[in-house]
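Visitor: Structure file data.txt, compact mmCIF, C-alpha atoms and all ligand atoms, is pasted below:
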# COMPACT_ATOMS: atom_id res chain seq x y z
CA MET A 206 1.66 3.53 4.93
CA ILE A 207 2.19 4.22 7.24
CA ARG A 208 4.70 3.93 9.68
CA GLN A 209 2.58 6.14 11.81
CA ALA A 210 4.48 7.26 14.86
CA PRO A 211 2.42 6.01 17.79
CA SER A 212 2.38 9.37 19.53
CA ALA A 213 0.81 11.00 16.45
CA ALA A 214 -1.75 8.28 16.02
CA ARG A 215 -2.80 8.39 19.64
CA ALA A 216 -4.58 11.68 19.01
CA LEU A 217 -6.90 9.94 16.56
CA PRO A 218 -10.26 8.42 17.43
CA ALA A 219 -9.72 4.73 18.22
CA GLY A 220 -11.08 1.55 16.73
CA PRO A 221 -12.16 0.19 13.37
CA ALA A 222 -15.33 2.31 13.31
CA SER A 223 -13.14 5.40 13.02
CA ALA A 224 -10.95 4.11 10.18
CA LEU A 225 -13.08 5.66 7.45
CA GLY A 226 -13.23 8.97 9.34
CA TYR A 227 -9.46 8.94 9.67
CA TRP A 228 -8.91 8.44 5.93
CA GLU A 229 -11.57 10.97 4.97
CA THR A 230 -9.86 13.53 7.20
CA ARG A 231 -6.46 12.75 5.67
CA ALA A 232 -7.91 13.00 2.19
CA ARG A 233 -9.60 16.34 2.95
CA GLN A 234 -6.40 17.75 4.43
CA PHE A 235 -3.78 16.43 2.04
CA ALA A 236 -5.14 14.67 -1.06
CA GLY A 237 -5.31 17.90 -3.08
CA ALA A 238 -1.79 19.09 -2.24
CA GLY A 239 1.13 18.38 -4.57
CA ALA A 240 1.19 14.73 -5.61
CA GLY A 241 -1.12 13.86 -2.69
CA LEU A 242 1.63 11.85 -0.99
CA ALA A 243 0.83 13.20 2.48
CA ALA A 244 -2.62 11.63 2.10
CA VAL A 245 -1.36 8.20 1.05
CA CYS A 246 2.18 7.85 2.39
CA SER A 247 3.11 9.08 5.83
CA TYR A 248 0.78 11.53 7.50
CA GLY A 249 2.35 14.58 9.06
CA MET A 250 5.83 13.78 7.81
CA PRO A 251 8.05 16.11 5.77
CA GLY A 252 7.78 15.96 1.97
CA PHE A 253 11.28 14.50 1.50
CA TYR A 254 10.32 11.51 3.64
CA ASN A 255 7.17 10.78 1.62
CA ARG A 256 9.00 11.21 -1.69
CA ALA A 257 11.60 8.67 -0.53
CA ILE A 258 8.81 6.22 0.41
CA ALA A 259 7.14 6.73 -2.99
CA LEU A 260 10.44 6.08 -4.77
CA VAL A 261 11.23 2.79 -3.01
CA GLN A 262 7.63 1.63 -3.49
CA ARG A 263 7.73 2.46 -7.20
CA ARG A 264 11.02 0.63 -7.60
CA ALA A 265 9.75 -2.46 -5.76
CA LEU A 266 6.53 -2.52 -7.82
CA ALA A 267 8.26 -1.81 -11.15
CA PRO A 268 7.88 -5.33 -12.63
CA TRP A 269 4.07 -5.09 -12.23
CA LEU A 270 3.75 -1.47 -13.32
CA ARG A 271 5.43 -2.02 -16.68
CA SER A 272 3.55 -1.06 -19.81
CA LEU A 273 1.86 -3.96 -21.56
CA PRO A 274 3.22 -4.99 -24.94
CA ALA A 275 0.90 -3.81 -27.72
CA GLY A 276 -1.61 -6.64 -28.37
CA PRO A 277 -3.47 -7.42 -31.58
CA ALA A 278 -5.95 -4.67 -32.49
CA GLY A 279 -9.53 -5.35 -31.42
CA LEU A 280 -8.66 -7.59 -28.44
CA PRO A 281 -9.93 -6.31 -25.08
CA ARG A 282 -7.21 -4.80 -22.91
CA PRO A 283 -6.19 -6.63 -19.69
CA THR A 284 -7.97 -5.33 -16.62
CA ALA A 285 -6.48 -4.08 -13.37
CA LEU A 286 -8.02 -3.38 -9.98
CA ASP A 287 -6.22 -0.90 -7.70
CA LEU A 288 -7.75 -1.64 -4.31
CA GLY A 289 -7.45 1.13 -1.73
CA CYS A 290 -6.29 3.36 -4.56
CA GLY A 291 -6.09 6.61 -2.56
CA VAL A 292 -5.42 9.50 -4.94
CA GLY A 293 -4.90 6.99 -7.77
CA ARG A 294 -1.14 7.24 -8.32
CA TRP A 295 -0.85 3.53 -9.29
CA SER A 296 -4.19 3.53 -11.15
CA ARG A 297 -2.92 6.26 -13.47
CA GLN A 298 0.35 4.47 -14.08
CA LEU A 299 -1.41 1.18 -14.90
CA ALA A 300 -3.83 2.97 -17.24
CA ARG A 301 -0.93 4.65 -19.03
CA GLY A 302 0.65 1.19 -19.34
CA GLY A 303 -2.33 -0.15 -21.23
CA TYR A 304 -4.63 -1.66 -18.56
CA ARG A 305 -8.34 -0.98 -18.21
CA VAL A 306 -8.19 0.21 -14.61
CA THR A 307 -10.72 0.30 -11.81
CA GLY A 308 -9.62 2.10 -8.67
CA VAL A 309 -11.56 1.48 -5.47
CA ASP A 310 -11.31 3.18 -2.11
CA PHE A 311 -13.70 3.49 0.82
CA SER A 312 -12.93 7.20 1.18
CA ALA A 313 -15.16 9.29 -1.07
CA HIS A 314 -12.70 12.19 -0.85
CA MET A 315 -9.82 10.02 -2.02
CA ILE A 316 -11.92 8.86 -4.95
CA GLU A 317 -12.92 12.44 -5.79
CA GLN A 318 -9.21 13.34 -5.94
CA ALA A 319 -8.31 10.18 -7.86
CA ARG A 320 -10.95 11.04 -10.50
CA ALA A 321 -9.80 14.65 -10.78
CA ARG A 322 -6.13 13.67 -11.06
CA ALA A 323 -6.82 10.97 -13.66
CA ALA A 324 -8.92 13.40 -15.73
CA ALA A 325 -6.23 16.08 -15.50
CA SER A 326 -3.52 13.68 -16.64
CA GLY A 327 -5.61 12.11 -19.41
CA ALA A 328 -5.45 8.64 -17.79
CA ASP A 329 -8.49 6.55 -18.62
CA CYS A 330 -9.52 4.97 -15.29
CA GLU A 331 -12.82 4.34 -13.57
CA PHE A 332 -13.19 4.74 -9.83
CA ALA A 333 -15.66 3.54 -7.24
CA VAL A 334 -16.23 4.00 -3.54
CA ALA A 335 -16.33 0.60 -1.82
CA ASN A 336 -14.98 -1.16 1.26
CA ALA A 337 -12.32 -3.82 0.67
CA VAL A 338 -13.79 -5.96 3.42
CA ASP A 339 -17.03 -6.69 1.58
CA LEU A 340 -15.97 -5.84 -1.95
CA ASP A 341 -18.23 -7.24 -4.66
CA LEU A 342 -17.71 -5.62 -8.05
CA GLY A 343 -19.17 -8.60 -9.92
CA ARG A 344 -16.13 -9.00 -12.17
CA ARG A 345 -12.61 -10.34 -12.17
CA PHE A 346 -9.32 -8.70 -12.99
CA ASP A 347 -6.10 -9.82 -14.63
CA LEU A 348 -4.01 -7.79 -12.18
CA ILE A 349 -4.95 -6.69 -8.68
CA LEU A 350 -2.74 -4.20 -6.91
CA CYS A 351 -3.19 -3.41 -3.24
CA VAL A 352 -0.57 -1.05 -1.82
CA THR A 353 -0.45 -0.39 1.93
CA VAL A 354 -4.13 -1.03 2.54
CA LEU A 355 -4.46 -4.32 4.45
CA GLN A 356 -2.03 -3.02 7.08
CA HIS A 357 -4.70 -0.45 7.95
CA ILE A 358 -7.48 -2.99 8.41
CA LEU A 359 -6.74 -3.76 12.02
CA GLU A 360 -9.23 -6.50 12.84
CA PRO A 361 -7.65 -9.77 11.64
CA GLY A 362 -11.02 -11.28 10.60
CA ALA A 363 -11.79 -8.19 8.48
CA ALA A 364 -8.33 -8.28 6.88
CA ARG A 365 -8.84 -11.97 6.04
CA ARG A 366 -12.23 -11.14 4.51
CA ALA A 367 -10.57 -8.44 2.39
CA ILE A 368 -8.03 -11.02 1.17
CA GLY A 369 -10.91 -13.39 0.39
CA ALA A 370 -12.58 -10.60 -1.60
CA LEU A 371 -9.33 -9.94 -3.49
CA ALA A 372 -9.09 -13.66 -4.35
CA ALA A 373 -12.72 -13.67 -5.53
CA HIS A 374 -11.96 -10.75 -7.89
CA LEU A 375 -8.88 -12.39 -9.42
CA ALA A 376 -9.19 -13.83 -12.92
CA PRO A 377 -8.25 -17.54 -13.22
CA LYS A 378 -4.77 -16.66 -14.50
CA GLY A 379 -4.62 -13.33 -12.71
CA THR A 380 -1.87 -11.93 -10.49
CA LEU A 381 -2.37 -10.34 -7.09
CA VAL A 382 0.32 -7.90 -5.99
CA LEU A 383 0.29 -6.72 -2.38
CA LEU A 384 2.71 -4.20 -0.89
CA GLU A 385 2.25 -4.21 2.87
CA ALA A 386 4.22 -3.92 6.08
CA ALA A 387 5.14 -7.59 6.52
CA PRO A 388 8.29 -7.97 8.63
CA ALA A 389 9.91 -11.38 9.01
CA ARG A 390 8.92 -11.50 12.69
CA LEU A 391 6.07 -10.00 14.68
CA CYS A 392 7.08 -6.46 15.63
CA LYS A 393 4.56 -4.18 17.28
CA ARG A 394 6.65 -1.11 17.96
CA CYS A 395 5.18 0.92 15.08
CA ASP A 396 1.58 -0.29 15.56
CA SER A 397 -1.02 2.38 16.20
CA GLU A 398 -4.79 2.92 16.13
CA VAL A 399 -4.65 2.95 12.33
CA PHE A 400 -1.77 0.65 11.47
CA THR A 401 -0.62 -2.86 12.20
CA ALA A 402 2.47 -4.67 10.92
CA ARG A 403 1.52 -8.32 10.46
CA PRO A 404 4.37 -10.76 9.90
CA LEU A 405 4.87 -12.22 6.44
CA VAL A 406 3.64 -15.65 7.61
CA TRP A 407 0.26 -14.10 8.42
CA TYR A 408 -0.13 -12.96 4.80
CA GLN A 409 1.09 -16.32 3.48
CA SER A 410 -1.45 -18.17 5.60
CA ALA A 411 -4.35 -15.80 4.80
CA LEU A 412 -3.59 -16.01 1.06
CA ARG A 413 -3.45 -19.80 1.24
CA ALA A 414 -6.79 -19.89 3.05
CA ALA A 415 -8.23 -17.76 0.23
CA GLY A 416 -7.10 -20.30 -2.39
CA LEU A 417 -3.98 -18.40 -3.50
CA ARG A 418 -0.31 -19.35 -3.44
CA VAL A 419 2.56 -16.93 -3.01
CA VAL A 420 4.74 -17.04 -6.14
CA ALA A 421 7.20 -14.27 -5.24
CA THR A 422 8.20 -12.05 -2.34
CA ARG A 423 10.27 -8.95 -2.89
CA GLY A 424 11.84 -6.48 -0.51
CA VAL A 425 10.96 -2.78 -0.43
CA ASP A 426 12.83 -1.11 2.40
CA PRO A 427 15.33 -3.39 4.15
CA MET A 428 17.14 -0.62 6.04
CA PRO A 429 15.82 -0.50 9.63
CA PHE A 430 16.83 3.09 10.57
CA LYS A 431 13.42 4.69 9.98
CA THR A 432 11.50 2.09 11.96
CA TRP A 433 14.01 2.47 14.79
CA LEU A 434 13.50 6.23 14.82
CA LEU A 435 9.76 6.55 14.28
CA PRO A 436 8.50 5.41 17.69
CA TYR A 437 10.59 8.24 19.27
CA TYR A 438 10.27 10.79 16.46
CA ARG A 439 7.46 12.97 17.82
CA GLY A 440 9.01 13.17 21.25
CA LEU A 441 12.20 14.83 19.94
CA PRO A 442 12.75 18.61 19.77
CA ARG A 443 11.79 19.87 16.28
CA LEU A 444 15.27 20.50 14.89
CA LEU A 445 16.72 17.29 16.25
CA ARG A 446 13.70 15.40 14.90
CA LEU A 447 14.17 16.81 11.40
CA ALA A 448 17.90 16.19 11.44
CA ALA A 449 17.43 12.60 12.64
CA LEU A 450 14.75 11.95 10.01
CA ALA A 451 16.86 13.48 7.23
CA LEU A 452 19.82 11.35 8.29
CA ALA A 453 17.75 8.15 8.54
CA THR A 454 16.10 8.84 5.17
CA GLY A 455 19.32 9.89 3.44
CA VAL A 456 21.19 6.80 4.61
CA SER A 457 18.27 4.44 3.97
CA LEU A 458 17.24 5.56 0.50
CA PRO A 459 20.27 4.48 -1.59
CA LEU A 460 20.70 1.30 0.45
CA ASP A 461 16.98 0.43 0.21
CA LEU A 462 17.06 0.94 -3.54
CA ALA A 463 20.22 -1.11 -3.99
CA LEU A 464 19.51 -3.93 -1.53
CA ALA A 465 15.71 -4.41 -1.66
CA PRO A 466 15.82 -7.00 -4.46
CA LEU A 467 18.60 -8.93 -2.69
CA VAL A 468 17.42 -9.09 0.92
CA ALA A 469 13.64 -9.42 0.93
CA GLY A 470 13.67 -11.11 4.34
CA MET A 471 15.05 -8.01 6.10
CA SER A 472 12.55 -5.65 4.54
CA TRP A 473 9.86 -4.01 6.69
CA HIS A 474 7.46 -3.74 3.76
CA LYS A 475 7.25 -6.51 1.22
CA VAL A 476 5.76 -7.02 -2.19
CA ILE A 477 3.88 -10.31 -2.03
CA VAL A 478 2.77 -11.77 -5.35
CA ALA A 479 0.11 -14.48 -5.44
CA ARG A 480 -1.80 -16.50 -7.98
CA ARG A 481 -4.56 -19.05 -7.78
CA THR A 482 -3.59 -22.43 -6.39
CA PRO A 483 -3.65 -24.90 -9.29
CA GLY A 484 -6.76 -27.05 -9.04
CA GLY A 485 -8.23 -24.70 -6.40
CA PRO A 486 -11.69 -23.16 -6.64
CA LEU A 487 -12.12 -20.64 -9.46
C1 LIG B 501 -1.79 4.26 2.76
S1 LIG B 501 -3.08 4.67 1.67
C2 LIG B 501 -2.49 3.96 0.15
C3 LIG B 501 -3.22 4.44 -1.05
C4 LIG B 501 -2.73 3.85 -2.38
N1 LIG B 501 -2.81 2.42 -2.37
C5 LIG B 501 -1.33 4.30 -2.65
O1 LIG B 501 -0.39 3.51 -2.46
O2 LIG B 501 -1.15 5.45 -3.06
C6 LIG B 501 -4.33 3.52 2.16
C7 LIG B 501 -5.61 3.69 1.39
O3 LIG B 501 -6.46 2.59 1.70
C8 LIG B 501 -7.76 3.07 1.85
N2 LIG B 501 -8.45 2.09 2.71
C9 LIG B 501 -8.17 1.79 4.00
N3 LIG B 501 -9.02 0.85 4.43
C10 LIG B 501 -9.83 0.55 3.40
C11 LIG B 501 -10.92 -0.36 3.24
N4 LIG B 501 -11.34 -1.12 4.26
N5 LIG B 501 -11.54 -0.41 2.04
C12 LIG B 501 -11.12 0.38 1.00
N6 LIG B 501 -10.12 1.27 1.12
C13 LIG B 501 -9.48 1.34 2.29
C14 LIG B 501 -7.61 4.45 2.48
O4 LIG B 501 -8.74 5.25 2.29
C15 LIG B 501 -6.37 4.95 1.73
O5 LIG B 501 -6.72 5.63 0.56
Turn this file's structure into structure tokens for me.
Ligand SMILES: C[S@@+](CC[C@H](N)C(=O)[O-])C[C@H]1O[C@@H](n2cnc3c(N)ncnc32)[C@H](O)[C@@H]1O
Guide:
Amino acid sequence: MIRQAPSAARALPAGPASALGYWETRARQFAGAGAGLAAVCSYGMPGFYNRAIALVQRRALAPWLRSLPAGPAGLPRPTALDLGCGVGRWSRQLARGGYRVTGVDFSAHMIEQARARAAASGADCEFAVANAVDLDLGRRFDLILCVTVLQHILEPGAARRAIGALAAHLAPKGTLVLLEAAPARLCKRCDSEVFTARPLVWYQSALRAAGLRVVATRGVDPMPFKTWLLPYYRGLPRLLRLAALALATGVSLPLDLALAPLVAGMSWHKVIVARRTPGGPL
């Protein structure tokens, strides 16, 4: 997700060509540890911070992570695609909820971890290594989930192609659920070599161009304290940095959880739900 502090990101190799290398390195370093959150939430940040992020994300996504009602025996189960699945935390939850799940990520190490974690937990998912930008799985899905992935595809044309690929993989009555940094107004202060916060209107326009219409927008983390702190975080002395982060996280967490459904507009990340435009191309 990654509200990557710019000073941390600056040490990374620059440019889109290095994006895969960046994620492979993160996966190798962190995907096997604990719940793997340091690989898929905020790199280099303390565990409490990543657990808070995971909690507000889970809460914001709850309506789409619910278990399916038991259908008539013999009918095929609804399908779900988890694009940019990382270590597969949402893939496993969707599979437990009754979906036939395919998790896709361009990092082979993430996928290795996702497979191992799904097998260990008894979740029945399949996984594949593929790039979102030119994704072509040759099938469509009833639900597509894409959590903090497009914000890491920096080149706008590539991000639009990824949205086009998502639309092409959506079943006629399917639902696309994005969770991305999508502030109300353009705000570049947390941008880095691996992260860009595009305003909500950018997503609305790219989804429209792909033949989708936004049917709901939901807040995730409306409290601004963490995004105020993060650009300065790495420059602070260690103890002060930890204290400031603990304070920002501790104040934000209950307020984010309580207010996210009420004040979507203020939220840094948003859940954006889209379906096919009626009468549009199938
Ligand atoms: C912030 S992590 C989120 C992982 C997962 N969605 C989650 O919420 O746990 C971003 C993931 O997107 C993957 N990713 C980034 N760019 C991608 C691309 N162009 N194609 C496929 N996966 C990509 C990364 O490898 C990484 O696993």
Visitor: Could you list, as a ChimeraX atom specification, all the residues within 8 Å of ligand LIG 501 (chain B), counting all atoms listed in the file?
Guide: /A:206-207,224-225,228-229,232,242,244-247,287-295,309-312,315,334-338,351-355,357-358,367
Visitor: So the first atom is atom CA of Ala364 of chain A and the second is atom CA of Trp407 of chain A; what is the distance between them in Å, to one decimal place?
Guide: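 Distance between the two atoms: 10.5 Å.
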Visitor: Write out as CSV a residue-level contact list of segment 334-423 of chain A versus segment 265-269 of chain A with cut-off 9 Å: for each qualifying residue the closest pair of atoms and the distance in Å to one decimal, counting only C-alpha atoms, rows sorted by chain and residue number upward.
Guide:
residue,atom,partner,partner_atom,distance
A:Leu348,CA,A:Trp269,CA,8.5
A:Leu350,CA,A:Trp269,CA,8.7
A:Val382,CA,A:Trp269,CA,7.8
A:Leu384,CA,A:Leu266,CA,8.1
A:Arg423,CA,A:Ala265,CA,7.1
Visitor: What gap, in Å, lies between atom CA of Tyr437 of chain A and atom CA of Pro459 of chain A?
Guide: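 Atom-to-atom, atom CA of Tyr437 of chain A to atom CA of Pro459 of chain A, that is 23.3 Å.
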Visitor: Could you check how far atom CA of Pro283 of chain A sits from atom CA of Ala376 of chain A, in Å to one decimal?
Guide: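 Distance reported for this atom pair: 10.3 Å.
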Visitor: Which of these, A:Arg301, A:Pro436, A:Leu458, A:Glu398, has the shortest distance to Arg256 of chain A once you count only C-alpha atoms?
Guide: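 Going through A:Arg301, A:Pro436, A:Leu458, A:Glu398 one by one, the smallest distance to Arg256 of chain A is for A:Leu458.
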Visitor: Taking all atoms listed in the file into account, which of A:Pro483, A:Pro361, A:Gly343, A:Gly455 comes nearest Phe400 of chain A?
Guide: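 Nearest to Phe400 of chain A: A:Pro361.
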Visitor: Looking at only C-alpha atoms, which of A:Leu280, A:Arg297, A:Asp461, A:Thr380 is the one that sits closest to Ala325 of chain A?
Guide: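 Checking each candidate against Ala325 of chain A, we get A:Arg297 as the closest.
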Visitor: Using all atoms listed in the file, can you tell me which of A:Ser223, A:Val468, A:Met428, A:Phe332 comes closest to Ala313 of chain A?
Guide: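 Checking each of A:Ser223, A:Val468, A:Met428, A:Phe332 against Ala313 of chain A, counting all atoms listed in the file, the winner is A:Phe332.
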Visitor: From the set A:Ser457, A:Ser472, A:Ser272, A:Thr482, which residue has the shortest atom-to-atom contact distance to Tyr254 of chain A, counting all atoms listed in the file?
Guide: A:Ser457
